[in-house]
file structure_10.pdb (PDB, C-alpha atoms and all ligand atoms)
ATOM      1  CA  MET A   1      34.537 -16.361 -37.494  1.00  0.00           C
ATOM      2  CA  HIS A   2      31.772 -18.214 -35.592  1.00  0.00           C
ATOM      3  CA  GLN A   3      29.611 -15.941 -33.497  1.00  0.00           C
ATOM      4  CA  PRO A   4      26.163 -16.670 -32.123  1.00  0.00           C
ATOM      5  CA  VAL A   5      23.274 -14.240 -32.549  1.00  0.00           C
ATOM      6  CA  THR A   6      22.810 -12.320 -29.297  1.00  0.00           C
ATOM      7  CA  LYS A   7      20.314  -9.798 -28.004  1.00  0.00           C
ATOM      8  CA  THR A   8      22.477  -6.980 -29.370  1.00  0.00           C
ATOM      9  CA  THR A   9      22.546  -8.340 -32.942  1.00  0.00           C
ATOM     10  CA  GLY A  10      20.677  -5.743 -34.994  1.00  0.00           C
ATOM     11  CA  GLY A  11      21.081  -7.349 -38.399  1.00  0.00           C
ATOM     12  CA  LEU A  12      23.540  -9.232 -40.551  1.00  0.00           C
ATOM     13  CA  ILE A  13      25.021  -8.375 -43.940  1.00  0.00           C
ATOM     14  CA  VAL A  14      26.601 -11.304 -45.738  1.00  0.00           C
ATOM     15  CA  LEU A  15      29.369 -10.115 -48.039  1.00  0.00           C
ATOM     16  CA  PRO A  16      31.295 -11.981 -50.733  1.00  0.00           C
ATOM     17  CA  LYS A  17      34.857 -12.997 -49.869  1.00  0.00           C
ATOM     18  CA  GLU A  18      36.346 -10.603 -52.407  1.00  0.00           C
ATOM     19  CA  HIS A  19      34.455  -7.594 -50.995  1.00  0.00           C
ATOM     20  CA  TYR A  20      36.610  -4.626 -49.995  1.00  0.00           C
ATOM     21  CA  LEU A  21      35.626  -4.904 -46.305  1.00  0.00           C
ATOM     22  CA  ILE A  22      36.393  -8.620 -46.097  1.00  0.00           C
ATOM     23  CA  GLN A  23      39.731  -8.128 -47.801  1.00  0.00           C
ATOM     24  CA  ARG A  24      40.626  -5.425 -45.304  1.00  0.00           C
ATOM     25  CA  TYR A  25      39.380  -7.485 -42.375  1.00  0.00           C
ATOM     26  CA  MET A  26      41.458 -10.483 -43.451  1.00  0.00           C
ATOM     27  CA  LYS A  27      44.772  -8.580 -43.474  1.00  0.00           C
ATOM     28  CA  PRO A  28      47.116 -10.020 -40.850  1.00  0.00           C
ATOM     29  CA  PRO A  29      47.973  -7.563 -38.015  1.00  0.00           C
ATOM     30  CA  GLU A  30      51.686  -7.566 -38.876  1.00  0.00           C
ATOM     31  CA  VAL A  31      50.837  -6.438 -42.434  1.00  0.00           C
ATOM     32  CA  MET A  32      48.584  -3.655 -41.054  1.00  0.00           C
ATOM     33  CA  ASP A  33      51.448  -2.538 -38.808  1.00  0.00           C
ATOM     34  CA  ARG A  34      54.038  -2.651 -41.568  1.00  0.00           C
ATOM     35  CA  ILE A  35      51.887  -0.600 -43.954  1.00  0.00           C
ATOM     36  CA  GLY A  36      51.030   1.849 -41.176  1.00  0.00           C
ATOM     37  CA  ARG A  37      54.666   2.291 -40.185  1.00  0.00           C
ATOM     38  CA  SER A  38      55.748   3.140 -43.687  1.00  0.00           C
ATOM     39  CA  ALA A  39      52.722   4.997 -45.078  1.00  0.00           C
ATOM     40  CA  CYS A  40      51.261   7.116 -42.253  1.00  0.00           C
ATOM     41  CA  ASP A  41      52.089  10.743 -43.039  1.00  0.00           C
ATOM     42  CA  GLN A  42      50.534  12.037 -39.790  1.00  0.00           C
ATOM     43  CA  CYS A  43      47.913  14.060 -41.678  1.00  0.00           C
ATOM     44  CA  SER A  44      45.686  13.559 -38.572  1.00  0.00           C
ATOM     45  CA  TYR A  45      42.404  13.154 -40.506  1.00  0.00           C
ATOM     46  CA  CYS A  46      41.784  10.053 -38.385  1.00  0.00           C
ATOM     47  CA  THR A  47      41.806  12.217 -35.273  1.00  0.00           C
ATOM     48  CA  GLU A  48      39.947  15.164 -36.763  1.00  0.00           C
ATOM     49  CA  LEU A  49      36.960  12.949 -37.660  1.00  0.00           C
ATOM     50  CA  CYS A  50      37.096  10.648 -34.619  1.00  0.00           C
ATOM     51  CA  PRO A  51      33.687  10.812 -32.873  1.00  0.00           C
ATOM     52  CA  ARG A  52      35.283  10.395 -29.439  1.00  0.00           C
ATOM     53  CA  TYR A  53      37.788  13.159 -30.094  1.00  0.00           C
ATOM     54  CA  LEU A  54      34.958  15.411 -31.277  1.00  0.00           C
ATOM     55  CA  LEU A  55      33.054  14.709 -28.065  1.00  0.00           C
ATOM     56  CA  GLY A  56      36.067  16.061 -26.211  1.00  0.00           C
ATOM     57  CA  TYR A  57      37.857  12.848 -25.178  1.00  0.00           C
ATOM     58  CA  ASP A  58      41.594  12.681 -25.602  1.00  0.00           C
ATOM     59  CA  VAL A  59      41.575  10.028 -28.321  1.00  0.00           C
ATOM     60  CA  GLN A  60      44.130  10.802 -31.014  1.00  0.00           C
ATOM     61  CA  PRO A  61      44.661   7.878 -33.371  1.00  0.00           C
ATOM     62  CA  HIS A  62      47.270   9.702 -35.454  1.00  0.00           C
ATOM     63  CA  LEU A  63      49.464   9.815 -32.337  1.00  0.00           C
ATOM     64  CA  VAL A  64      48.772   6.146 -31.618  1.00  0.00           C
ATOM     65  CA  MET A  65      50.002   5.387 -35.160  1.00  0.00           C
ATOM     66  CA  ARG A  66      53.408   6.677 -34.060  1.00  0.00           C
ATOM     67  CA  SER A  67      53.638   3.788 -31.603  1.00  0.00           C
ATOM     68  CA  LEU A  68      54.062   1.392 -34.558  1.00  0.00           C
ATOM     69  CA  GLY A  69      57.648   2.550 -34.905  1.00  0.00           C
ATOM     70  CA  PHE A  70      58.538   1.975 -31.256  1.00  0.00           C
ATOM     71  CA  SER A  71      59.292  -0.953 -28.970  1.00  0.00           C
ATOM     72  CA  LEU A  72      56.634  -1.810 -26.376  1.00  0.00           C
ATOM     73  CA  ALA A  73      58.317   0.351 -23.732  1.00  0.00           C
ATOM     74  CA  GLY A  74      58.816   3.280 -26.110  1.00  0.00           C
ATOM     75  CA  SER A  75      55.277   3.195 -27.449  1.00  0.00           C
ATOM     76  CA  GLU A  76      53.587   3.722 -24.077  1.00  0.00           C
ATOM     77  CA  LEU A  77      53.305   7.485 -24.486  1.00  0.00           C
ATOM     78  CA  TRP A  78      51.635   7.217 -27.930  1.00  0.00           C
ATOM     79  CA  ASN A  79      49.410   4.333 -26.837  1.00  0.00           C
ATOM     80  CA  SER A  80      47.938   6.473 -24.072  1.00  0.00           C
ATOM     81  CA  PHE A  81      45.968   8.336 -26.767  1.00  0.00           C
ATOM     82  CA  SER A  82      44.057   5.137 -27.532  1.00  0.00           C
ATOM     83  CA  GLN A  83      42.679   4.566 -24.058  1.00  0.00           C
ATOM     84  CA  LEU A  84      39.239   6.102 -24.611  1.00  0.00           C
ATOM     85  CA  CYS A  85      38.747   4.761 -28.134  1.00  0.00           C
ATOM     86  CA  CYS A  86      35.376   3.016 -28.554  1.00  0.00           C
ATOM     87  CA  GLN A  87      36.593   0.997 -31.581  1.00  0.00           C
ATOM     88  CA  CYS A  88      33.888   2.399 -33.867  1.00  0.00           C
ATOM     89  CA  GLY A  89      36.219   2.037 -36.869  1.00  0.00           C
ATOM     90  CA  ILE A  90      35.459   5.416 -38.495  1.00  0.00           C
ATOM     91  CA  CYS A  91      39.180   6.209 -38.655  1.00  0.00           C
ATOM     92  CA  THR A  92      40.102   2.962 -40.431  1.00  0.00           C
ATOM     93  CA  LEU A  93      37.076   2.632 -42.665  1.00  0.00           C
ATOM     94  CA  TYR A  94      36.320   6.238 -43.530  1.00  0.00           C
ATOM     95  CA  SER A  95      38.795   8.924 -42.476  1.00  0.00           C
ATOM     96  CA  CYS A  96      42.243   7.706 -43.442  1.00  0.00           C
ATOM     97  CA  PRO A  97      43.048   8.757 -47.025  1.00  0.00           C
ATOM     98  CA  GLU A  98      45.842   6.173 -47.166  1.00  0.00           C
ATOM     99  CA  GLY A  99      43.626   3.208 -46.250  1.00  0.00           C
ATOM    100  CA  LEU A 100      45.612   2.515 -43.063  1.00  0.00           C
ATOM    101  CA  TYR A 101      44.441   0.907 -39.820  1.00  0.00           C
ATOM    102  CA  PRO A 102      44.387   3.451 -36.967  1.00  0.00           C
ATOM    103  CA  ARG A 103      41.518   1.655 -35.223  1.00  0.00           C
ATOM    104  CA  GLU A 104      43.533  -1.550 -35.090  1.00  0.00           C
ATOM    105  CA  ALA A 105      46.537   0.429 -33.784  1.00  0.00           C
ATOM    106  CA  CYS A 106      44.265   1.765 -31.004  1.00  0.00           C
ATOM    107  CA  VAL A 107      42.975  -1.714 -30.135  1.00  0.00           C
ATOM    108  CA  GLN A 108      46.565  -2.972 -29.929  1.00  0.00           C
ATOM    109  CA  GLY A 109      47.576   0.120 -27.948  1.00  0.00           C
ATOM    110  CA  MET A 110      44.848  -0.503 -25.357  1.00  0.00           C
ATOM    111  CA  ALA A 111      45.838  -4.153 -25.063  1.00  0.00           C
ATOM    112  CA  ASP A 112      49.517  -3.232 -24.593  1.00  0.00           C
ATOM    113  CA  LEU A 113      48.621  -0.724 -21.881  1.00  0.00           C
ATOM    114  CA  ARG A 114      46.420  -3.274 -20.106  1.00  0.00           C
ATOM    115  CA  SER A 115      49.162  -5.910 -20.156  1.00  0.00           C
ATOM    116  CA  ALA A 116      51.585  -3.326 -18.725  1.00  0.00           C
ATOM    117  CA  GLY A 117      49.045  -2.707 -15.898  1.00  0.00           C
ATOM    118  CA  LYS A 118      48.309   0.806 -17.188  1.00  0.00           C
ATOM    119  CA  GLY A 119      44.863   0.271 -18.696  1.00  0.00           C
ATOM    120  CA  LYS A 120      43.004   2.539 -16.267  1.00  0.00           C
ATOM    121  CA  TRP A 121      42.194   6.044 -17.481  1.00  0.00           C
ATOM    122  CA  GLU A 122      43.647   8.632 -15.132  1.00  0.00           C
ATOM    123  CA  GLY A 123      43.147  11.746 -17.209  1.00  0.00           C
ATOM    124  CA  PRO A 124      40.345  14.341 -16.962  1.00  0.00           C
ATOM    125  CA  VAL A 125      36.779  13.041 -16.722  1.00  0.00           C
ATOM    126  CA  LYS A 126      35.057  16.313 -17.538  1.00  0.00           C
ATOM    127  CA  VAL A 127      35.192  16.990 -21.246  1.00  0.00           C
ATOM    128  CA  LYS A 128      34.168  19.748 -23.620  1.00  0.00           C
ATOM    129  CA  ALA A 129      32.941  18.968 -27.141  1.00  0.00           C
ATOM    130  CA  HIS A 130      35.030  20.171 -30.071  1.00  0.00           C
ATOM    131  CA  PRO A 131      33.565  23.366 -31.629  1.00  0.00           C
ATOM    132  CA  MET A 132      33.403  21.602 -35.049  1.00  0.00           C
ATOM    133  CA  LYS A 133      31.669  18.490 -33.712  1.00  0.00           C
ATOM    134  CA  ASP A 134      28.439  18.907 -35.670  1.00  0.00           C
ATOM    135  CA  GLU A 135      30.121  19.975 -38.905  1.00  0.00           C
ATOM    136  CA  ARG A 136      32.393  16.911 -38.879  1.00  0.00           C
ATOM    137  CA  ARG A 137      29.704  14.273 -38.531  1.00  0.00           C
ATOM    138  CA  VAL A 138      30.143  11.480 -41.039  1.00  0.00           C
ATOM    139  CA  PRO A 139      27.213  11.451 -43.527  1.00  0.00           C
ATOM    140  CA  MET A 140      25.617   7.994 -43.476  1.00  0.00           C
ATOM    141  CA  LYS A 141      25.106   7.761 -47.252  1.00  0.00           C
ATOM    142  CA  GLN A 142      28.710   8.706 -47.902  1.00  0.00           C
ATOM    143  CA  LEU A 143      29.903   6.167 -45.342  1.00  0.00           C
ATOM    144  CA  MET A 144      27.829   3.423 -46.946  1.00  0.00           C
ATOM    145  CA  ASN A 145      29.228   4.278 -50.370  1.00  0.00           C
ATOM    146  CA  ARG A 146      32.770   4.300 -49.043  1.00  0.00           C
ATOM    147  CA  LEU A 147      32.236   0.889 -47.448  1.00  0.00           C
ATOM    148  CA  GLY A 148      30.711  -0.518 -50.631  1.00  0.00           C
ATOM    149  CA  ILE A 149      27.498  -1.533 -48.859  1.00  0.00           C
ATOM    150  CA  ALA A 150      25.039   1.006 -50.307  1.00  0.00           C
ATOM    151  CA  LYS A 151      23.704  -1.582 -52.761  1.00  0.00           C
ATOM    152  CA  TYR A 152      22.606  -3.772 -49.859  1.00  0.00           C
ATOM    153  CA  ASP A 153      20.335  -1.038 -48.522  1.00  0.00           C
ATOM    154  CA  ALA A 154      17.167  -2.625 -49.882  1.00  0.00           C
ATOM    155  CA  LYS A 155      13.779  -2.870 -48.267  1.00  0.00           C
ATOM    156  CA  ALA A 156      13.467  -6.269 -46.619  1.00  0.00           C
ATOM    157  CA  GLU A 157      10.073  -7.575 -45.581  1.00  0.00           C
ATOM    158  CA  TYR A 158       9.855  -9.248 -42.188  1.00  0.00           C
ATOM    159  CA  VAL A 159       9.431 -12.979 -42.533  1.00  0.00           C
ATOM    160  CA  ALA A 160       8.583 -14.820 -39.321  1.00  0.00           C
ATOM    161  CA  LEU A 161      10.529 -18.072 -39.264  1.00  0.00           C
ATOM    162  CA  GLU A 162      10.348 -20.687 -36.570  1.00  0.00           C
ATOM    163  CA  ALA A 163      13.921 -21.508 -35.485  1.00  0.00           C
ATOM    164  CA  ASN A 164      14.404 -24.952 -34.044  1.00  0.00           C
ATOM    165  CA  PRO A 165      18.125 -25.421 -33.384  1.00  0.00           C
ATOM    166  CA  SER A 166      19.538 -28.639 -31.982  1.00  0.00           C
ATOM    167  CA  ARG A 167      22.142 -26.690 -30.000  1.00  0.00           C
ATOM    168  CA  VAL A 168      22.592 -23.103 -28.819  1.00  0.00           C
ATOM    169  CA  ARG A 169      25.713 -21.281 -27.630  1.00  0.00           C
ATOM    170  CA  ILE A 170      24.794 -18.536 -25.179  1.00  0.00           C
ATOM    171  CA  PRO A 171      27.505 -15.970 -24.296  1.00  0.00           C
ATOM    172  CA  VAL A 172      27.450 -14.847 -20.657  1.00  0.00           C
ATOM    173  CA  LYS A 173      28.351 -11.313 -21.732  1.00  0.00           C
ATOM    174  CA  GLN A 174      25.886  -9.757 -24.151  1.00  0.00           C
ATOM    175  CA  HIS A 175      25.747  -6.401 -22.437  1.00  0.00           C
ATOM    176  CA  VAL A 176      27.889  -3.595 -21.023  1.00  0.00           C
ATOM    177  CA  GLY A 177      29.589  -4.188 -17.692  1.00  0.00           C
ATOM    178  CA  GLU A 178      30.664  -7.480 -16.128  1.00  0.00           C
ATOM    179  CA  LYS A 179      30.163 -10.993 -17.407  1.00  0.00           C
ATOM    180  CA  ALA A 180      27.330 -12.930 -15.785  1.00  0.00           C
ATOM    181  CA  VAL A 181      28.493 -15.927 -13.738  1.00  0.00           C
ATOM    182  CA  PRO A 182      27.167 -19.345 -14.847  1.00  0.00           C
ATOM    183  CA  ILE A 183      24.943 -21.019 -12.234  1.00  0.00           C
ATOM    184  CA  VAL A 184      24.288 -24.259 -14.132  1.00  0.00           C
ATOM    185  CA  SER A 185      26.600 -27.204 -14.568  1.00  0.00           C
ATOM    186  CA  LYS A 186      27.411 -29.665 -17.325  1.00  0.00           C
ATOM    187  CA  GLY A 187      24.725 -32.303 -17.787  1.00  0.00           C
ATOM    188  CA  GLN A 188      22.033 -30.291 -15.977  1.00  0.00           C
ATOM    189  CA  ARG A 189      18.551 -30.141 -17.504  1.00  0.00           C
ATOM    190  CA  VAL A 190      17.305 -26.549 -18.057  1.00  0.00           C
ATOM    191  CA  GLU A 191      13.997 -25.123 -19.167  1.00  0.00           C
ATOM    192  CA  LYS A 192      13.407 -22.320 -21.635  1.00  0.00           C
ATOM    193  CA  ALA A 193      13.703 -18.887 -19.913  1.00  0.00           C
ATOM    194  CA  GLN A 194      15.425 -20.388 -16.864  1.00  0.00           C
ATOM    195  CA  LEU A 195      18.139 -18.237 -15.288  1.00  0.00           C
ATOM    196  CA  ILE A 196      21.481 -19.799 -16.263  1.00  0.00           C
ATOM    197  CA  ALA A 197      24.032 -17.050 -15.494  1.00  0.00           C
ATOM    198  CA  LYS A 198      23.726 -14.368 -12.866  1.00  0.00           C
ATOM    199  CA  ILE A 199      25.302 -10.976 -12.368  1.00  0.00           C
ATOM    200  CA  ASN A 200      26.629 -10.290  -8.878  1.00  0.00           C
ATOM    201  CA  GLU A 201      24.471  -7.806  -7.001  1.00  0.00           C
ATOM    202  CA  ASP A 202      27.229  -5.232  -6.590  1.00  0.00           C
ATOM    203  CA  LYS A 203      28.187  -5.354 -10.294  1.00  0.00           C
ATOM    204  CA  LEU A 204      26.784  -3.697 -13.393  1.00  0.00           C
ATOM    205  CA  GLY A 205      25.555  -6.216 -15.982  1.00  0.00           C
ATOM    206  CA  ALA A 206      22.613  -8.405 -16.927  1.00  0.00           C
ATOM    207  CA  ASN A 207      21.384 -11.907 -16.104  1.00  0.00           C
ATOM    208  CA  VAL A 208      21.315 -14.519 -18.856  1.00  0.00           C
ATOM    209  CA  HIS A 209      18.448 -16.965 -19.460  1.00  0.00           C
ATOM    210  CA  ALA A 210      18.152 -20.176 -21.469  1.00  0.00           C
ATOM    211  CA  SER A 211      16.767 -19.589 -24.965  1.00  0.00           C
ATOM    212  CA  MET A 212      15.448 -23.152 -25.172  1.00  0.00           C
ATOM    213  CA  SER A 213      14.928 -26.215 -23.014  1.00  0.00           C
ATOM    214  CA  GLY A 214      17.605 -28.903 -23.097  1.00  0.00           C
ATOM    215  CA  ARG A 215      20.665 -30.248 -21.390  1.00  0.00           C
ATOM    216  CA  VAL A 216      23.797 -28.229 -20.619  1.00  0.00           C
ATOM    217  CA  GLN A 217      26.523 -29.636 -22.818  1.00  0.00           C
ATOM    218  CA  GLU A 218      29.323 -27.268 -21.811  1.00  0.00           C
ATOM    219  CA  VAL A 219      29.914 -24.395 -19.407  1.00  0.00           C
ATOM    220  CA  ASN A 220      32.920 -22.122 -19.425  1.00  0.00           C
ATOM    221  CA  GLN A 221      33.583 -18.566 -18.319  1.00  0.00           C
ATOM    222  CA  ASP A 222      32.418 -17.143 -21.670  1.00  0.00           C
ATOM    223  CA  MET A 223      29.680 -19.402 -22.888  1.00  0.00           C
ATOM    224  CA  ILE A 224      26.977 -21.906 -21.936  1.00  0.00           C
ATOM    225  CA  ILE A 225      26.093 -24.516 -24.560  1.00  0.00           C
ATOM    226  CA  ILE A 226      22.696 -26.199 -24.403  1.00  0.00           C
ATOM    227  CA  GLU A 227      21.666 -29.115 -26.591  1.00  0.00           C
ATOM    228  CA  ARG A 228      18.121 -30.068 -27.299  1.00  0.00           C
ATOM    229  CA  VAL A 229      16.959 -33.376 -25.844  1.00  0.00           C
ATOM    230  CA  ASN A 230      13.882 -35.131 -27.109  1.00  0.00           C
TER     231      ASN A 230
HETATM  232  S1  LIG B   1      44.550   9.536 -41.353  1.00  0.00           S
HETATM  233 FE1  LIG B   1      45.862   7.802 -41.953  1.00  0.00          FE
HETATM  234  S2  LIG B   1      47.698   8.753 -42.791  1.00  0.00           S
HETATM  235 FE2  LIG B   1      46.597  10.335 -41.661  1.00  0.00          FE
HETATM  236  S3  LIG B   1      47.501  10.286 -39.600  1.00  0.00           S
HETATM  237 FE3  LIG B   1      45.722   8.955 -39.567  1.00  0.00          FE
HETATM  238  S4  LIG B   1      46.522   6.926 -40.021  1.00  0.00           S
HETATM  239 FE4  LIG B   1      48.097   8.383 -40.626  1.00  0.00          FE
HETATM  240  S1  LIG B   2      38.006   3.590 -33.757  1.00  0.00           S
HETATM  241 FE1  LIG B   2      38.636   4.788 -31.970  1.00  0.00          FE
HETATM  242  S2  LIG B   2      40.138   6.208 -32.737  1.00  0.00           S
HETATM  243 FE2  LIG B   2      39.045   5.411 -34.515  1.00  0.00          FE
HETATM  244  S3  LIG B   2      37.417   6.871 -34.884  1.00  0.00           S
HETATM  245 FE3  LIG B   2      36.552   5.300 -33.562  1.00  0.00          FE
HETATM  246  S4  LIG B   2      36.858   6.036 -31.472  1.00  0.00           S
HETATM  247 FE4  LIG B   2      38.173   7.244 -32.823  1.00  0.00          FE
END

call {"tool": "encode", "arguments": {"input": "structure_10.pdb", "output": "structure tokens"}}
result
Amino acid sequence: MHQPVTKTTGGLIVLPKEHYLIQRYMKPPEVMDRIGRSACDQCSYCTELCPRYLLGYDVQPHLVMRSLGFSLAGSELWNSFSQLCCQCGICTLYSCPEGLYPREACVQGMADLRSAGKGKWEGPVKVKAHPMKDERRVPMKQLMNRLGIAKYDAKAEYVALEANPSRVRIPVKQHVGEKAVPIVSKGQRVEKAQLIAKINEDKLGANVHASMSGRVQEVNQDMIIIERVN
């Protein structure tokens, strides 16, 4: 996967290909679905530990897992329990004792609802936290051990490095809300810190600025690419 560093990148952990997390990540969606269909015993641990469910939102991944056994039309009812999922991944990476993929089922469920024109939440907006919310918090150390990343928790000194890329890819959405709209065109010369994509005044979002001076090599609705010119 090729992703640029953005203002929301907090840090990067580089894992070996054979690491548990990479192996899970690389599983094709149809394999995740097939395993889920045959192995989910509806124990509901995924729901009981879901942070959104504990906050009081009607997110119930164990019900969404039922959708795997239905056609698109038949799964609509179960998919509705995915609508307020924030895709944190706790259910897939921590809660499920069978190693299944409830998060991925929720992501698919939301996409199916959106493509059926039913992606808008119409349920209650006032919520009440679950009485066991604090007791069911996932302990960070335990989570890190489960994910096999505890050994990477080492003190790292800050080393100031001067980056001098020949080309940068700048996503126009690095924030919550709407995408910013590009206001530069291909071939245009831009200066470092210049405004290159703007959020409409009536929308929630953030403007995007050039991270270096150069020439715009490509503009599309997701990304602006700038190459350095000497
Ligand atoms: S925790 Fe796993 S096995 Fe249990 S209901 Fe959720 S997906 Fe199914
Ligand atoms: S990925 Fe979604 S369903 Fe799973 S724990 Fe997070 S919010 Fe809950």

call {"tool": "residues_near_ligand", "arguments": {"input": "structure_10.pdb", "ligand": "ligand LIG 1 (chain B)", "cutoff": "7 Å", "atoms": "only C-alpha atoms and all ligand atoms", "output": "PyMOL selection string"}}
result
chain A and resi 36+39-47+61-62+65+91+95-102

call {"tool": "closest_residue", "arguments": {"input": "structure_10.pdb", "among": "A:Val31, A:Leu21, A:Leu84, A:Leu15", "to": "ligand LIG 2 (chain B)", "atoms": "all atoms listed in the file"}}
result
A:Leu84

call {"tool": "atom_distance", "arguments": {"input": "structure_10.pdb", "atom1": "CA of Gly205 in chain A", "atom2": "CA of Thr9 in chain A"}}
result
17.4 Å

call {"tool": "resolve_selection", "arguments": {"input": "structure_10.pdb", "expression": "the PyMOL selection byres (((chain A and resi 143) around 12) and not hetatm)", "output": "VMD selection string"}}
result
chain A and resid 89 to 95 137 to 142 144 to 150

call {"tool": "write_last_selection", "arguments": {"input": "structure_10.pdb", "atoms": "C-alpha atoms", "output": "short mmCIF file (atom, residue, chain, number, x, y, z; two decimals), in the coordinates of the input"}}
result
data_model
loop_
_atom_site.label_atom_id
_atom_site.label_comp_id
_atom_site.auth_asym_id
_atom_site.auth_seq_id
_atom_site.Cartn_x
_atom_site.Cartn_y
_atom_site.Cartn_z
CA GLY A 89 36.22 2.04 -36.87
CA ILE A 90 35.46 5.42 -38.49
CA CYS A 91 39.18 6.21 -38.66
CA THR A 92 40.10 2.96 -40.43
CA LEU A 93 37.08 2.63 -42.66
CA TYR A 94 36.32 6.24 -43.53
CA SER A 95 38.80 8.92 -42.48
CA ARG A 137 29.70 14.27 -38.53
CA VAL A 138 30.14 11.48 -41.04
CA PRO A 139 27.21 11.45 -43.53
CA MET A 140 25.62 7.99 -43.48
CA LYS A 141 25.11 7.76 -47.25
CA GLN A 142 28.71 8.71 -47.90
CA MET A 144 27.83 3.42 -46.95
CA ASN A 145 29.23 4.28 -50.37
CA ARG A 146 32.77 4.30 -49.04
CA LEU A 147 32.24 0.89 -47.45
CA GLY A 148 30.71 -0.52 -50.63
CA ILE A 149 27.50 -1.53 -48.86
CA ALA A 150 25.04 1.01 -50.31
#

call {"tool": "closest_residue", "arguments": {"input": "structure_10.pdb", "among": "A:Val14, A:Leu54, A:Met32, A:Ile224", "to": "ligand LIG 2 (chain B)", "atoms": "only C-alpha atoms and all ligand atoms"}}
result
A:Leu54

call {"tool": "build_atoms", "arguments": {"input": "structure_10.pdb", "residues": "range 184-189 of chain A", "atoms": "all heavy atoms", "output": "PDB file, keeping the file's coordinate frame"}}
result
ATOM      1  N   VAL A 184      24.695 -22.894 -13.762  1.00  0.00           N
ATOM      2  CA  VAL A 184      24.288 -24.259 -14.132  1.00  0.00           C
ATOM      3  C   VAL A 184      25.559 -25.076 -14.362  1.00  0.00           C
ATOM      4  O   VAL A 184      26.643 -24.515 -14.535  1.00  0.00           O
ATOM      5  CB  VAL A 184      23.419 -24.271 -15.408  1.00  0.00           C
ATOM      6  CG1 VAL A 184      22.062 -23.678 -15.152  1.00  0.00           C
ATOM      7  CG2 VAL A 184      24.125 -23.537 -16.561  1.00  0.00           C
ATOM      8  N   SER A 185      25.414 -26.377 -14.353  1.00  0.00           N
ATOM      9  CA  SER A 185      26.600 -27.204 -14.568  1.00  0.00           C
ATOM     10  C   SER A 185      26.360 -28.195 -15.704  1.00  0.00           C
ATOM     11  O   SER A 185      25.203 -28.436 -16.110  1.00  0.00           O
ATOM     12  CB  SER A 185      26.993 -27.919 -13.279  1.00  0.00           C
ATOM     13  OG  SER A 185      25.852 -28.500 -12.718  1.00  0.00           O
ATOM     14  N   LYS A 186      27.456 -28.737 -16.193  1.00  0.00           N
ATOM     15  CA  LYS A 186      27.411 -29.665 -17.325  1.00  0.00           C
ATOM     16  C   LYS A 186      26.477 -30.836 -17.013  1.00  0.00           C
ATOM     17  O   LYS A 186      26.525 -31.397 -15.912  1.00  0.00           O
ATOM     18  CB  LYS A 186      28.827 -30.174 -17.599  1.00  0.00           C
ATOM     19  CG  LYS A 186      28.945 -30.970 -18.849  1.00  0.00           C
ATOM     20  CD  LYS A 186      30.391 -31.289 -19.142  1.00  0.00           C
ATOM     21  CE  LYS A 186      30.425 -32.252 -20.334  1.00  0.00           C
ATOM     22  NZ  LYS A 186      31.741 -32.619 -20.734  1.00  0.00           N
ATOM     23  N   GLY A 187      25.626 -31.161 -17.957  1.00  0.00           N
ATOM     24  CA  GLY A 187      24.725 -32.303 -17.787  1.00  0.00           C
ATOM     25  C   GLY A 187      23.379 -31.929 -17.183  1.00  0.00           C
ATOM     26  O   GLY A 187      22.431 -32.718 -17.213  1.00  0.00           O
ATOM     27  N   GLN A 188      23.279 -30.706 -16.643  1.00  0.00           N
ATOM     28  CA  GLN A 188      22.033 -30.291 -15.977  1.00  0.00           C
ATOM     29  C   GLN A 188      20.926 -30.044 -17.007  1.00  0.00           C
ATOM     30  O   GLN A 188      21.167 -29.523 -18.085  1.00  0.00           O
ATOM     31  CB  GLN A 188      22.314 -29.003 -15.182  1.00  0.00           C
ATOM     32  CG  GLN A 188      21.142 -28.528 -14.363  1.00  0.00           C
ATOM     33  CD  GLN A 188      21.507 -27.278 -13.552  1.00  0.00           C
ATOM     34  OE1 GLN A 188      22.674 -27.038 -13.235  1.00  0.00           O
ATOM     35  NE2 GLN A 188      20.502 -26.481 -13.231  1.00  0.00           N
ATOM     36  N   ARG A 189      19.719 -30.385 -16.650  1.00  0.00           N
ATOM     37  CA  ARG A 189      18.551 -30.141 -17.504  1.00  0.00           C
ATOM     38  C   ARG A 189      18.070 -28.704 -17.224  1.00  0.00           C
ATOM     39  O   ARG A 189      17.958 -28.305 -16.065  1.00  0.00           O
ATOM     40  CB  ARG A 189      17.490 -31.188 -17.154  1.00  0.00           C
ATOM     41  CG  ARG A 189      16.097 -30.914 -17.615  1.00  0.00           C
ATOM     42  CD  ARG A 189      15.787 -31.616 -18.892  1.00  0.00           C
ATOM     43  NE  ARG A 189      14.747 -30.850 -19.577  1.00  0.00           N
ATOM     44  CZ  ARG A 189      14.230 -31.172 -20.728  1.00  0.00           C
ATOM     45  NH1 ARG A 189      14.660 -32.241 -21.352  1.00  0.00           N
ATOM     46  NH2 ARG A 189      13.292 -30.435 -21.277  1.00  0.00           N
TER      47      ARG A 189
END
